[in-house]
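Enquirer: As input, take coords34.txt (compact mmCIF, C-alpha atoms):
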# COMPACT_ATOMS: atom_id res chain seq x y z
CA MET A 1 -41.10 21.47 -131.50
CA SER A 2 -42.66 23.97 -129.13
CA LEU A 3 -45.50 26.21 -130.12
CA LYS A 4 -44.19 29.79 -130.28
CA GLY A 5 -44.94 33.14 -131.87
CA ASN A 6 -45.95 36.73 -131.40
CA LEU A 7 -48.98 37.84 -129.38
CA ARG A 8 -49.82 40.29 -132.15
CA ASP A 9 -50.54 37.35 -134.44
CA PHE A 10 -52.04 34.99 -131.89
CA THR A 11 -53.85 36.45 -128.89
CA VAL A 12 -53.94 35.06 -125.35
CA THR A 13 -57.61 34.21 -125.90
CA GLN A 14 -56.74 32.17 -128.99
CA LEU A 15 -53.87 30.45 -127.18
CA LEU A 16 -56.06 29.40 -124.26
CA ASN A 17 -58.69 28.20 -126.66
CA LEU A 18 -56.13 26.10 -128.49
CA ILE A 19 -54.77 24.60 -125.26
CA ASN A 20 -58.30 23.81 -124.13
CA LEU A 21 -59.39 22.18 -127.38
CA ALA A 22 -56.16 20.23 -127.80
CA GLN A 23 -56.22 19.20 -124.10
CA LYS A 24 -52.56 20.18 -123.84
CA THR A 25 -50.24 19.60 -120.92
CA GLY A 26 -47.33 21.95 -120.39
CA THR A 27 -46.41 25.54 -119.62
CA LEU A 28 -47.18 28.65 -121.65
CA THR A 29 -44.56 31.37 -121.27
CA LEU A 30 -45.58 34.91 -122.19
CA GLU A 31 -42.95 37.61 -122.50
CA GLY A 32 -44.50 41.06 -122.38
CA PRO A 33 -42.60 44.35 -122.84
CA SER A 34 -41.65 44.56 -119.16
CA LEU A 35 -42.79 41.34 -117.55
CA ALA A 36 -42.97 37.60 -118.14
CA ALA A 37 -45.69 35.20 -117.06
CA TRP A 38 -45.99 31.44 -116.89
CA ILE A 39 -49.24 29.51 -116.99
CA SER A 40 -49.31 25.76 -116.66
CA PHE A 41 -51.93 23.29 -117.84
CA ARG A 42 -52.67 19.62 -117.39
CA GLU A 43 -54.85 18.02 -120.07
CA GLY A 44 -56.30 21.39 -121.03
CA LYS A 45 -57.06 22.51 -117.46
CA LEU A 46 -55.39 25.53 -115.85
CA ILE A 47 -53.32 24.40 -112.89
CA TYR A 48 -50.89 27.18 -112.02
CA ALA A 49 -49.88 30.78 -112.87
CA GLN A 50 -46.92 32.94 -112.00
CA LEU A 51 -46.43 36.60 -112.92
CA GLY A 52 -42.88 37.98 -113.07
CA SER A 53 -41.00 37.69 -109.82
CA GLU A 54 -44.17 38.17 -107.79
CA ASP A 55 -44.11 36.18 -104.55
CA GLY A 56 -46.52 33.36 -105.30
CA SER A 57 -45.76 31.37 -102.17
CA LEU A 58 -48.68 29.98 -100.19
CA THR A 59 -47.92 32.24 -97.22
CA SER A 60 -48.10 35.37 -99.37
CA LEU A 61 -51.30 34.27 -101.07
CA LEU A 62 -52.99 33.53 -97.75
CA ALA A 63 -51.98 36.97 -96.47
CA LYS A 64 -53.17 38.61 -99.70
CA GLY A 65 -56.48 36.74 -99.42
CA GLY A 66 -56.95 37.91 -95.82
CA LYS A 67 -56.79 34.38 -94.39
CA ILE A 68 -53.79 35.25 -92.22
CA THR A 69 -52.47 38.57 -91.00
CA PRO A 70 -49.20 40.04 -92.35
CA GLN A 71 -47.67 39.41 -88.91
CA GLN A 72 -48.69 35.74 -89.03
CA ALA A 73 -47.26 35.53 -92.56
CA THR A 74 -43.91 36.83 -91.30
CA VAL A 75 -43.89 34.31 -88.44
CA ILE A 76 -44.76 31.42 -90.78
CA LYS A 77 -42.10 32.47 -93.27
CA THR A 78 -39.50 32.50 -90.53
CA ARG A 79 -40.51 29.31 -88.73
CA ALA A 80 -41.48 27.23 -91.74
CA ALA A 81 -38.88 28.41 -94.19
CA ASP A 82 -37.82 24.86 -94.98
CA LYS A 83 -41.34 23.66 -95.71
CA SER A 84 -42.74 23.41 -99.24
CA ASP A 85 -46.15 24.92 -100.02
CA LYS A 86 -47.72 21.48 -99.95
CA GLU A 87 -46.20 20.64 -96.58
CA LEU A 88 -47.16 24.02 -95.18
CA GLY A 89 -50.72 23.66 -96.47
CA LEU A 90 -51.07 20.28 -94.80
CA LEU A 91 -49.63 21.63 -91.58
CA LEU A 92 -52.12 24.49 -91.48
CA ILE A 93 -55.05 22.20 -92.25
CA ASN A 94 -54.01 19.53 -89.73
CA SER A 95 -53.47 22.09 -87.02
CA GLY A 96 -56.97 23.45 -87.63
CA TYR A 97 -55.89 26.98 -88.57
CA LEU A 98 -57.34 26.80 -92.06
CA SER A 99 -59.50 24.50 -94.12
CA GLN A 100 -58.53 23.06 -97.48
CA GLN A 101 -61.26 25.25 -98.96
CA ASP A 102 -59.64 28.40 -97.53
CA ILE A 103 -56.38 27.53 -99.24
CA LEU A 104 -57.97 26.64 -102.56
CA VAL A 105 -60.04 29.86 -102.62
CA CYS A 106 -56.87 31.97 -102.20
CA LEU A 107 -54.94 30.01 -104.82
CA ARG A 108 -57.81 30.20 -107.27
CA ALA A 109 -58.24 33.97 -106.81
CA HIS A 110 -54.51 34.55 -107.28
CA THR A 111 -54.26 32.33 -110.36
CA LEU A 112 -57.31 33.84 -112.04
CA ASP A 113 -56.15 37.36 -111.22
CA ILE A 114 -52.93 36.70 -113.14
CA VAL A 115 -54.60 35.00 -116.08
CA TYR A 116 -57.24 37.74 -116.49
CA GLN A 117 -54.48 40.35 -116.60
CA LEU A 118 -52.79 38.44 -119.40
CA PHE A 119 -55.80 38.82 -121.67
CA ALA A 120 -54.82 42.47 -122.11
CA TRP A 121 -51.29 41.63 -123.30
CA VAL A 122 -51.05 42.42 -126.97
CA ASP A 123 -47.31 42.92 -127.29
CA GLY A 124 -44.77 40.18 -126.74
CA PHE A 125 -43.84 36.61 -127.47
CA PHE A 126 -45.29 33.31 -126.41
CA ARG A 127 -43.92 29.80 -126.20
CA PHE A 128 -45.64 26.60 -125.15
CA ASP A 129 -43.38 23.92 -123.70
CA PRO A 130 -45.15 20.57 -123.63
CA ASP A 131 -44.82 18.52 -120.47
CA VAL A 132 -43.07 21.29 -118.54
CA LEU A 133 -44.95 21.64 -115.25
CA PRO A 134 -44.63 23.89 -112.18
CA PRO A 135 -42.18 22.95 -109.39
CA GLU A 136 -43.25 19.83 -107.46
CA ASP A 137 -43.62 21.67 -104.17
CA ARG A 138 -46.29 24.07 -105.49
CA ILE A 139 -50.00 23.37 -104.94
CA THR A 140 -51.79 23.14 -108.26
CA LEU A 141 -55.45 23.57 -109.19
CA ARG A 142 -57.66 22.16 -111.90
CA LEU A 143 -59.74 24.92 -113.50
CA ASP A 144 -61.84 24.62 -116.66
CA LEU A 145 -60.68 27.02 -119.35
CA GLU A 146 -64.04 27.68 -121.01
CA ASN A 147 -65.32 29.92 -118.22
CA ILE A 148 -61.95 31.61 -117.89
CA ILE A 149 -61.86 32.42 -121.60
CA MET A 150 -65.39 33.83 -121.47
CA GLU A 151 -64.75 35.93 -118.37
CA GLY A 152 -61.35 37.08 -119.66
CA SER A 153 -62.85 38.18 -122.96
CA ARG A 154 -65.61 40.04 -121.15
CA ARG A 155 -63.06 41.82 -118.94
CA LEU A 156 -60.88 42.63 -121.93
CA LYS A 157 -63.81 44.30 -123.66
CA GLU A 158 -64.60 46.21 -120.50
CA LEU A 159 -60.96 47.27 -120.17
CA GLU A 160 -60.93 48.48 -123.76
CA GLN A 161 -64.05 50.56 -123.16
CA LEU A 162 -62.69 51.94 -119.89
CA SER A 163 -59.34 52.73 -121.51
CA GLU A 164 -61.18 54.76 -124.09
CA GLU A 165 -63.02 56.67 -121.37
CA LEU A 166 -59.94 57.04 -119.18
CA PRO A 167 -56.91 56.89 -121.44
CA ASN A 168 -54.29 58.36 -119.12
CA LEU A 169 -53.59 56.91 -115.69
CA ASP A 170 -50.87 59.52 -115.11
CA MET A 171 -53.56 62.11 -114.39
CA ALA A 172 -54.59 62.92 -110.82
CA LEU A 173 -58.03 63.29 -109.27
CA ASN A 174 -59.67 66.02 -107.30
CA PHE A 175 -63.00 66.18 -105.50
CA VAL A 176 -65.59 68.26 -107.33
CA GLN A 177 -66.61 71.27 -105.26
CA ARG A 178 -70.31 71.30 -105.91
CA PRO A 179 -72.90 72.54 -103.45
CA GLY A 180 -74.91 69.68 -101.98
CA THR A 181 -72.34 67.05 -102.86
CA ASN A 182 -70.66 65.36 -99.96
CA ILE A 183 -68.65 62.22 -100.51
CA ARG A 184 -69.57 61.06 -96.99
CA ASP A 185 -73.22 60.83 -97.99
CA VAL A 186 -72.50 58.51 -100.91
CA ASN A 187 -72.63 54.75 -100.49
CA LEU A 188 -69.21 53.50 -101.46
CA SER A 189 -67.77 50.00 -101.36
CA VAL A 190 -64.66 49.22 -99.32
CA GLU A 191 -62.56 49.22 -102.50
CA GLU A 192 -63.99 52.59 -103.55
CA TRP A 193 -63.22 54.06 -100.12
CA LYS A 194 -59.66 52.82 -100.42
CA VAL A 195 -59.29 54.78 -103.68
CA VAL A 196 -61.12 57.83 -102.32
CA SER A 197 -58.75 57.99 -99.34
CA TYR A 198 -55.84 58.60 -101.70
CA ILE A 199 -57.53 61.22 -103.89
CA ASN A 200 -55.33 64.27 -103.94
CA PRO A 201 -53.93 66.34 -106.85
CA LYS A 202 -50.48 65.06 -105.85
CA ASN A 203 -51.32 61.40 -106.47
CA THR A 204 -51.65 60.03 -109.97
CA ILE A 205 -54.25 57.34 -110.64
CA LYS A 206 -51.38 54.94 -111.28
CA GLN A 207 -49.95 55.68 -107.83
CA ILE A 208 -53.36 55.20 -106.20
CA ALA A 209 -53.66 51.82 -107.94
CA LYS A 210 -50.21 50.81 -106.76
CA ALA A 211 -50.90 51.85 -103.17
CA ASN A 212 -54.07 49.75 -103.19
CA ARG A 213 -52.54 46.85 -105.12
CA MET A 214 -55.12 47.22 -107.86
CA ASN A 215 -54.66 46.32 -111.48
CA ASP A 216 -55.56 48.61 -114.39
CA LEU A 217 -59.06 47.23 -114.76
CA GLN A 218 -59.90 47.54 -111.06
CA ILE A 219 -58.71 51.13 -110.74
CA ARG A 220 -60.26 52.19 -114.03
CA ARG A 221 -63.63 50.72 -112.97
CA ILE A 222 -63.65 52.63 -109.70
CA VAL A 223 -62.35 55.92 -111.09
CA PHE A 224 -64.78 55.74 -114.01
CA GLY A 225 -67.66 55.24 -111.55
CA LEU A 226 -66.55 58.22 -109.45
CA LEU A 227 -66.19 60.37 -112.58
CA GLN A 228 -69.58 59.32 -113.89
CA ALA A 229 -71.17 60.18 -110.55
CA GLY A 230 -69.60 63.63 -110.81
CA LEU A 231 -67.81 63.20 -107.48
CA VAL A 232 -64.30 63.69 -108.84
CA GLU A 233 -62.61 65.34 -111.79
CA LEU A 234 -59.39 64.67 -113.64
CA VAL A 235 -56.60 67.15 -112.99
CA ARG A 236 -52.99 67.48 -114.00
CA PRO A 237 -50.93 66.16 -111.09
CA ALA A 238 -49.29 68.81 -108.93
CA GLY A 239 -45.70 69.28 -109.99
CA MET A 240 -46.15 67.72 -113.41
CA PRO A 241 -44.46 70.05 -115.90
CA LEU A 242 -46.61 71.48 -118.65
CA PRO A 243 -45.96 70.03 -122.07
CA PRO A 244 -43.56 72.28 -123.99
CA GLN A 245 -46.27 73.27 -126.42
CA ALA A 246 -48.52 74.58 -123.64
CA ARG A 247 -47.21 78.07 -123.82
CA GLN A 248 -49.57 80.93 -123.45
CA LEU A 249 -48.99 84.51 -124.40
CA PRO A 250 -45.45 85.57 -125.14
CA PRO A 251 -43.74 86.51 -121.87
CA VAL A 252 -44.64 90.16 -121.72
CA ASP A 253 -45.64 92.06 -118.59
CA ARG A 254 -49.16 91.74 -117.17
CA ARG A 255 -50.13 95.32 -117.95
CA GLU A 256 -49.22 94.86 -121.57
CA GLN A 257 -51.19 91.62 -121.74
CA SER A 258 -54.27 93.22 -120.17
CA SER A 259 -54.04 96.10 -122.59
CA LEU A 260 -53.87 93.65 -125.48
CA VAL A 261 -56.94 91.74 -124.27
CA ASN A 262 -58.83 94.99 -123.72
CA LYS A 263 -58.03 96.00 -127.29
CA LEU A 264 -59.45 92.70 -128.50
CA ILE A 265 -62.59 93.20 -126.41
CA ASN A 266 -63.17 96.68 -127.81
CA ARG A 267 -62.61 95.48 -131.35
CA ILE A 268 -65.03 92.61 -131.09
CA ARG A 269 -67.64 94.82 -129.43
CA SER A 270 -67.40 97.15 -132.38
CA LEU A 271 -67.97 94.45 -135.01
CA MET B 1 -47.09 93.27 -135.62
CA GLN B 2 -48.34 91.10 -132.77
CA THR B 3 -50.65 88.21 -133.48
CA VAL B 4 -52.72 86.29 -130.96
CA LYS B 5 -54.59 83.08 -131.45
CA MET B 6 -57.81 81.52 -130.21
CA VAL B 7 -58.89 78.01 -131.01
CA VAL B 8 -62.43 76.91 -131.82
CA THR B 9 -62.87 73.22 -131.20
CA GLY B 10 -65.65 70.70 -130.74
CA PRO B 11 -67.00 67.44 -132.16
CA PHE B 12 -67.67 66.73 -135.81
CA ALA B 13 -70.42 68.95 -137.30
CA ALA B 14 -70.80 71.02 -134.14
CA GLY B 15 -70.62 74.28 -136.12
CA LYS B 16 -67.00 75.37 -135.72
CA THR B 17 -66.53 76.53 -139.31
CA ALA B 18 -69.79 78.48 -139.20
CA PHE B 19 -68.69 80.05 -135.91
CA ILE B 20 -65.49 81.38 -137.44
CA GLN B 21 -67.19 82.41 -140.67
CA ALA B 22 -69.70 84.50 -138.72
CA ILE B 23 -67.04 86.74 -137.18
CA SER B 24 -64.01 86.62 -139.46
CA GLU B 25 -63.27 89.72 -141.53
CA ILE B 26 -61.80 87.57 -144.27
CA ASP B 27 -63.38 84.64 -146.03
CA VAL B 28 -62.45 81.72 -143.87
CA VAL B 29 -59.45 79.88 -145.22
CA SER B 30 -60.98 76.48 -145.00
CA THR B 31 -59.61 73.01 -145.62
CA GLU B 32 -62.91 71.31 -146.21
CA ARG B 33 -63.14 68.07 -148.10
CA LYS B 34 -66.06 65.91 -149.15
CA ILE B 35 -66.88 63.34 -146.51
CA SER B 36 -65.93 59.83 -147.49
CA SER B 37 -67.27 57.93 -144.50
CA GLU B 38 -70.92 56.94 -144.82
CA ALA B 39 -71.30 56.95 -141.06
CA GLU B 40 -70.37 60.60 -140.83
CA LYS B 41 -72.43 61.82 -143.76
CA ILE B 42 -74.65 64.18 -141.83
CA LYS B 43 -73.13 67.00 -143.88
CA GLU B 44 -71.46 67.19 -147.27
CA THR B 45 -68.00 68.45 -146.35
CA THR B 46 -65.78 68.58 -143.26
CA THR B 47 -62.64 70.36 -142.12
CA VAL B 48 -59.56 68.17 -142.45
CA ALA B 49 -56.73 70.41 -141.25
CA MET B 50 -58.01 73.68 -139.85
CA ASP B 51 -60.21 76.68 -140.50
CA PHE B 52 -58.60 80.02 -140.30
CA GLY B 53 -60.29 83.36 -139.63
CA ARG B 54 -58.91 86.80 -138.83
CA ILE B 55 -59.95 89.88 -136.90
CA THR B 56 -57.65 92.88 -137.24
CA VAL B 57 -57.59 95.06 -134.15
CA ASP B 58 -55.21 97.76 -135.34
CA ASP B 59 -51.95 98.08 -137.25
CA ASP B 60 -50.13 96.29 -134.44
CA LEU B 61 -52.50 93.57 -133.38
CA VAL B 62 -54.32 90.76 -135.17
CA LEU B 63 -56.45 88.00 -133.71
CA TYR B 64 -56.48 84.69 -135.53
CA LEU B 65 -59.20 82.12 -135.02
CA PHE B 66 -58.28 78.54 -135.71
CA GLY B 67 -60.96 75.91 -136.09
CA THR B 68 -59.91 72.34 -135.41
CA PRO B 69 -60.96 69.40 -137.55
CA GLY B 70 -63.82 67.57 -135.90
CA GLN B 71 -63.23 64.06 -137.13
CA LYS B 72 -61.23 61.99 -134.67
CA ARG B 73 -58.75 60.76 -137.24
CA PHE B 74 -57.44 64.30 -137.66
CA ASP B 75 -56.89 64.86 -133.94
CA PHE B 76 -53.11 64.94 -134.44
CA MET B 77 -53.74 68.55 -135.55
CA TRP B 78 -55.17 69.55 -132.18
CA GLU B 79 -51.90 69.72 -130.32
CA ILE B 80 -50.29 71.75 -133.09
CA LEU B 81 -53.19 74.19 -133.18
CA SER B 82 -53.31 74.60 -129.40
CA GLU B 83 -49.73 75.83 -129.21
CA GLY B 84 -49.60 79.36 -127.89
CA MET B 85 -53.36 79.89 -127.83
CA LEU B 86 -54.84 82.65 -125.72
CA GLY B 87 -57.95 80.63 -124.96
CA PHE B 88 -60.36 78.28 -126.62
CA VAL B 89 -64.04 77.81 -127.40
CA VAL B 90 -65.64 74.37 -127.33
CA VAL B 91 -68.59 74.34 -129.71
CA VAL B 92 -71.22 71.74 -128.91
CA ASP B 93 -74.21 70.87 -131.06
CA SER B 94 -77.00 71.18 -128.46
CA ALA B 95 -79.30 69.03 -130.56
CA ARG B 96 -77.02 66.01 -130.89
CA PRO B 97 -76.64 64.35 -127.47
CA GLU B 98 -74.65 61.54 -129.05
CA THR B 99 -71.75 64.01 -129.41
CA PHE B 100 -71.77 65.29 -125.80
CA ARG B 101 -69.38 62.67 -124.50
CA GLU B 102 -66.94 63.39 -127.30
CA ALA B 103 -67.22 67.12 -126.56
CA LYS B 104 -66.25 66.46 -122.95
CA GLY B 105 -63.29 64.40 -124.11
CA ILE B 106 -62.13 67.15 -126.48
CA LEU B 107 -62.44 69.71 -123.71
CA GLN B 108 -60.30 67.62 -121.36
CA THR B 109 -57.72 67.04 -124.08
CA PHE B 110 -57.36 70.75 -124.80
CA ARG B 111 -57.18 71.54 -121.09
CA ALA B 112 -54.30 69.09 -120.89
CA TYR B 113 -52.52 70.71 -123.85
CA ALA B 114 -52.76 74.18 -122.36
CA PRO B 115 -54.59 75.22 -119.18
CA THR B 116 -55.81 78.46 -120.74
CA PRO B 117 -59.29 79.90 -120.15
CA TYR B 118 -62.12 78.47 -122.20
CA VAL B 119 -65.86 78.77 -122.71
CA VAL B 120 -68.40 76.30 -124.01
CA ALA B 121 -70.74 77.45 -126.77
CA ALA B 122 -74.04 75.56 -126.75
CA ASN B 123 -74.64 75.85 -130.48
CA LYS B 124 -77.83 75.44 -132.52
CA GLN B 125 -79.97 76.86 -129.74
CA ASP B 126 -82.33 78.04 -132.48
CA ARG B 127 -83.41 74.46 -133.08
CA ASP B 128 -86.50 73.01 -131.40
CA ASP B 129 -84.70 69.86 -130.33
CA ALA B 130 -81.75 71.70 -128.75
CA TRP B 131 -80.96 70.86 -125.14
CA THR B 132 -81.09 73.83 -122.81
CA VAL B 133 -77.82 75.25 -121.54
CA GLU B 134 -78.63 74.00 -118.02
CA ASP B 135 -79.33 70.46 -119.21
CA LEU B 136 -76.21 70.52 -121.35
CA ARG B 137 -74.13 71.59 -118.37
CA ILE B 138 -75.34 68.53 -116.45
CA ALA B 139 -74.80 66.24 -119.43
CA LEU B 140 -71.25 67.51 -119.89
CA LYS B 141 -70.67 67.46 -116.11
CA LEU B 142 -69.37 71.00 -116.15
CA ASP B 143 -68.74 72.91 -112.99
CA SER B 144 -70.92 75.97 -112.42
CA LYS B 145 -67.79 78.11 -112.74
CA VAL B 146 -67.33 77.11 -116.38
CA LYS B 147 -68.91 79.64 -118.70
CA MET B 148 -71.48 77.99 -120.91
CA LEU B 149 -73.22 80.21 -123.41
CA PRO B 150 -76.19 79.75 -125.70
CA CYS B 151 -75.11 80.26 -129.27
CA THR B 152 -76.18 80.19 -132.87
CA ALA B 153 -72.96 79.96 -134.83
CA THR B 154 -74.45 81.49 -137.95
CA ASP B 155 -75.41 84.64 -136.05
CA ARG B 156 -72.60 87.17 -135.67
CA ASP B 157 -73.97 88.77 -132.47
CA SER B 158 -74.24 85.39 -130.83
CA VAL B 159 -70.64 84.53 -131.77
CA LYS B 160 -69.48 87.96 -130.56
CA LYS B 161 -71.00 87.28 -127.13
CA VAL B 162 -69.14 83.97 -126.87
CA LEU B 163 -65.79 85.50 -127.84
CA LEU B 164 -66.29 88.43 -125.49
CA GLU B 165 -67.03 86.09 -122.58
CA LEU B 166 -63.84 84.20 -123.35
CA LEU B 167 -61.86 87.44 -123.38
CA TYR B 168 -63.44 88.50 -120.07
CA SER B 169 -62.35 85.16 -118.60
CA ILE B 170 -58.82 85.71 -119.88
CA LEU B 171 -58.77 89.17 -118.35
CA GLU B 172 -60.11 87.87 -115.02
CA GLU B 173 -57.46 85.18 -114.92
CA MET B 174 -54.75 87.74 -115.58
CA LYS B 175 -56.05 89.85 -112.69
CA GLU B 176 -56.10 86.82 -110.37
CA GLU B 177 -52.54 85.92 -111.29
CA SER B 178 -51.15 89.41 -110.84
Could you render the structure as structure tokens?

Expert:
Amino acid sequence: MSLKGNLRDFTVTQLLNLINLAQKTGTLTLEGPSLAAWISFREGKLIYAQLGSEDGSLTSLLAKGGKITPQQATVIKTRAADKSDKELGLLLINSGYLSQQDILVCLRAHTLDIVYQLFAWVDGFFRFDPDVLPPEDRITLRLDLENIIMEGSRRLKELEQLSEELPNLDMALNFVQRPGTNIRDVNLSVEEWKVVSYINPKNTIKQIAKANRMNDLQIRRIVFGLLQAGLVELVRPAGMPLPPQARQLPPVDRREQSSLVNKLINRIRSL
Amino acid sequence: MQTVKMVVTGPFAAGKTAFIQAISEIDVVSTERKISSEAEKIKETTTVAMDFGRITVDDDLVLYLFGTPGQKRFDFMWEILSEGMLGFVVVVDSARPETFREAKGILQTFRAYAPTPYVVAANKQDRDDAWTVEDLRIALKLDSKVKMLPCTATDRDSVKKVLLELLYSILEEMKEES
């Protein structure tokens, strides 16, 4: 009988720990509120991960990892459509375009990126199917789970803290207009520059993350840093309607409103 | 009769109830309860729903001051209290830097509820360990345009100054909009 249950009762961290200790072989299926994920293991080692319908083909991963250009990826997809990932990998290595290490680095980064995201899943169901493994044509890895569990837990804690600091990713950002502050004079990383280039009251943080293909943790880290440095501020996105409760004075004319405020001023002065 | 409302908000034990008490013409209708949490026992009682003060202007106009509960578990009241407010005051205890971050969070939350004018009252400026208004502005990362005023919530004149500055801001905003 397969191992199954609710993520509310048994967390991803606990599941990975169990798989590691029991040296299990098989595939763990996680069904979140809007997405499913599959992680496969052989004798307690992580070998493969797939998130939703995301293109996990070798060509896409190499393009994502910057090992080939998007144009090269398109050419490879067209010309080697009938080749499996394993065959394609061998072809690229044998033809001297890439080393085995290049391929493994991309696969590892992609797999870990998926697994680390899963640590934050608290809603949904899980099922472990013993002996079910990824399709034969996929290249698999062999990663120790101990380090992954430790790093995932650390990131989860960081995400929780950042979520507390920055609870709403539907807000937009604006540069702080402060004398002596110029964003050009600040040393920013490439990733930070990518975010900065999209900062505009029209773009929500979520949209900026999507444009830069960043996950929640990555965007929160960068935005939190920019906020802490006082370079940006959170603003309501342009065009976002005010919540219905955000009404101000009753809709009377301006003169009447000013008169009312002046009355209040005079009264408080006289107290 | 027309009634208008201002909200006095801020972290736990920042001095919101005292602020309203100092200016209200009626005894503040308070919803204070004894504090149950050991961690928050820096004072005996706290506001659990709202404080309520009143200033009558004339037969046709009354200003109500609503103080929000400071403890985070009562923050569901904030949205209700912010409805239709003319402006709001964020009271910050200048001598408790551990509450500054929370004050900033409360400020942002209220700005999201209603983008009305607001001022920040740097309370307990009479204490030796109070941060200066300038230092507090940096700690709270407030723009120089935001009005930040030294305050002693138990002193009526000090509270008057804060409320008047808020009303001036409201008036200025009306002029800009018209």

Enquirer: Measuring atom to atom with all atoms listed in the file, identify which of B:Lys160, B:Arg137, B:Lys124, B:Arg54 is nearest to chain A.

Expert: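 Going through B:Lys160, B:Arg137, B:Lys124, B:Arg54 one by one, the smallest distance to chain A is for B:Lys160.
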
Enquirer: If you measure from CA of Val122 in chain A to CA of Arg8 in chain A, what distance in Å do you get, rounded to one decimal?

Expert: 5.7 Å

Enquirer: Can you work out the spacing between CA of Pro11 in chain B and CA of Leu140 in chain B in Å, to one decimal?

Expert: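 About the pair CA of Pro11 in chain B and CA of Leu140 in chain B: they are 13.0 Å apart.
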
Enquirer: Given the choices A:Leu234, A:Ile265, A:Leu88, A:Ile149, which gets closest to Ala73 in chain A if the distance is worked out from only C-alpha atoms?

Expert: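 Among the listed residues, A:Leu88 lies closest to Ala73 in chain A.
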
Enquirer: Mind running chain B against chain A at 9 Å and telling me each contacting residue's nearest atom pair with the distance in Å (one decimal), counting only C-alpha atoms, chain and number ascending, as JSON lines?

Expert:
{"residue": "B:Val4", "atom": "CA", "partner": "A:Leu249", "partner_atom": "CA", "distance": 7.8}
{"residue": "B:Ile23", "atom": "CA", "partner": "A:Leu271", "partner_atom": "CA", "distance": 8.1}
{"residue": "B:Ile55", "atom": "CA", "partner": "A:Ile268", "partner_atom": "CA", "distance": 8.2}
{"residue": "B:Thr56", "atom": "CA", "partner": "A:Arg267", "partner_atom": "CA", "distance": 8.1}
{"residue": "B:Val57", "atom": "CA", "partner": "A:Arg267", "partner_atom": "CA", "distance": 5.8}
{"residue": "B:Asp58", "atom": "CA", "partner": "A:Lys263", "partner_atom": "CA", "distance": 8.7}
{"residue": "B:Leu61", "atom": "CA", "partner": "A:Leu260", "partner_atom": "CA", "distance": 8.0}
{"residue": "B:Val62", "atom": "CA", "partner": "A:Leu264", "partner_atom": "CA", "distance": 8.6}
{"residue": "B:Leu63", "atom": "CA", "partner": "A:Leu264", "partner_atom": "CA", "distance": 7.6}
{"residue": "B:Glu79", "atom": "CA", "partner": "A:Gln245", "partner_atom": "CA", "distance": 7.7}
{"residue": "B:Ile80", "atom": "CA", "partner": "A:Gln245", "partner_atom": "CA", "distance": 7.9}
{"residue": "B:Ser82", "atom": "CA", "partner": "A:Ala246", "partner_atom": "CA", "distance": 7.5}
{"residue": "B:Glu83", "atom": "CA", "partner": "A:Gln245", "partner_atom": "CA", "distance": 5.1}
{"residue": "B:Gly84", "atom": "CA", "partner": "A:Gln248", "partner_atom": "CA", "distance": 4.7}
{"residue": "B:Met85", "atom": "CA", "partner": "A:Gln248", "partner_atom": "CA", "distance": 5.9}
{"residue": "B:Leu86", "atom": "CA", "partner": "A:Gln248", "partner_atom": "CA", "distance": 6.0}
{"residue": "B:Gly87", "atom": "CA", "partner": "A:Gln248", "partner_atom": "CA", "distance": 8.5}
{"residue": "B:Gly105", "atom": "CA", "partner": "A:Glu165", "partner_atom": "CA", "distance": 8.2}
{"residue": "B:Gln108", "atom": "CA", "partner": "A:Leu234", "partner_atom": "CA", "distance": 8.3}
{"residue": "B:Ala112", "atom": "CA", "partner": "A:Arg236", "partner_atom": "CA", "distance": 7.2}
{"residue": "B:Tyr113", "atom": "CA", "partner": "A:Ala246", "partner_atom": "CA", "distance": 5.6}
{"residue": "B:Ala114", "atom": "CA", "partner": "A:Ala246", "partner_atom": "CA", "distance": 4.4}
{"residue": "B:Pro115", "atom": "CA", "partner": "A:Ala246", "partner_atom": "CA", "distance": 7.6}
{"residue": "B:Thr116", "atom": "CA", "partner": "A:Gln248", "partner_atom": "CA", "distance": 7.2}
{"residue": "B:Lys141", "atom": "CA", "partner": "A:Gly230", "partner_atom": "CA", "distance": 6.6}
{"residue": "B:Asp143", "atom": "CA", "partner": "A:Arg178", "partner_atom": "CA", "distance": 7.4}
{"residue": "B:Ser144", "atom": "CA", "partner": "A:Arg178", "partner_atom": "CA", "distance": 8.0}
{"residue": "B:Arg156", "atom": "CA", "partner": "A:Leu271", "partner_atom": "CA", "distance": 8.7}
{"residue": "B:Asp157", "atom": "CA", "partner": "A:Leu271", "partner_atom": "CA", "distance": 8.6}
{"residue": "B:Lys160", "atom": "CA", "partner": "A:Ile268", "partner_atom": "CA", "distance": 6.5}
{"residue": "B:Lys161", "atom": "CA", "partner": "A:Arg269", "partner_atom": "CA", "distance": 8.6}
{"residue": "B:Leu163", "atom": "CA", "partner": "A:Ile268", "partner_atom": "CA", "distance": 7.9}
{"residue": "B:Leu164", "atom": "CA", "partner": "A:Ile265", "partner_atom": "CA", "distance": 6.1}
{"residue": "B:Leu167", "atom": "CA", "partner": "A:Ile265", "partner_atom": "CA", "distance": 6.5}
{"residue": "B:Tyr168", "atom": "CA", "partner": "A:Ile265", "partner_atom": "CA", "distance": 7.9}
{"residue": "B:Ile170", "atom": "CA", "partner": "A:Val261", "partner_atom": "CA", "distance": 7.7}
{"residue": "B:Leu171", "atom": "CA", "partner": "A:Ser258", "partner_atom": "CA", "distance": 6.3}
{"residue": "B:Met174", "atom": "CA", "partner": "A:Arg254", "partner_atom": "CA", "distance": 7.1}
{"residue": "B:Lys175", "atom": "CA", "partner": "A:Ser258", "partner_atom": "CA", "distance": 8.4}
{"residue": "B:Glu177", "atom": "CA", "partner": "A:Arg254", "partner_atom": "CA", "distance": 8.9}
{"residue": "B:Ser178", "atom": "CA", "partner": "A:Arg254", "partner_atom": "CA", "distance": 7.0}
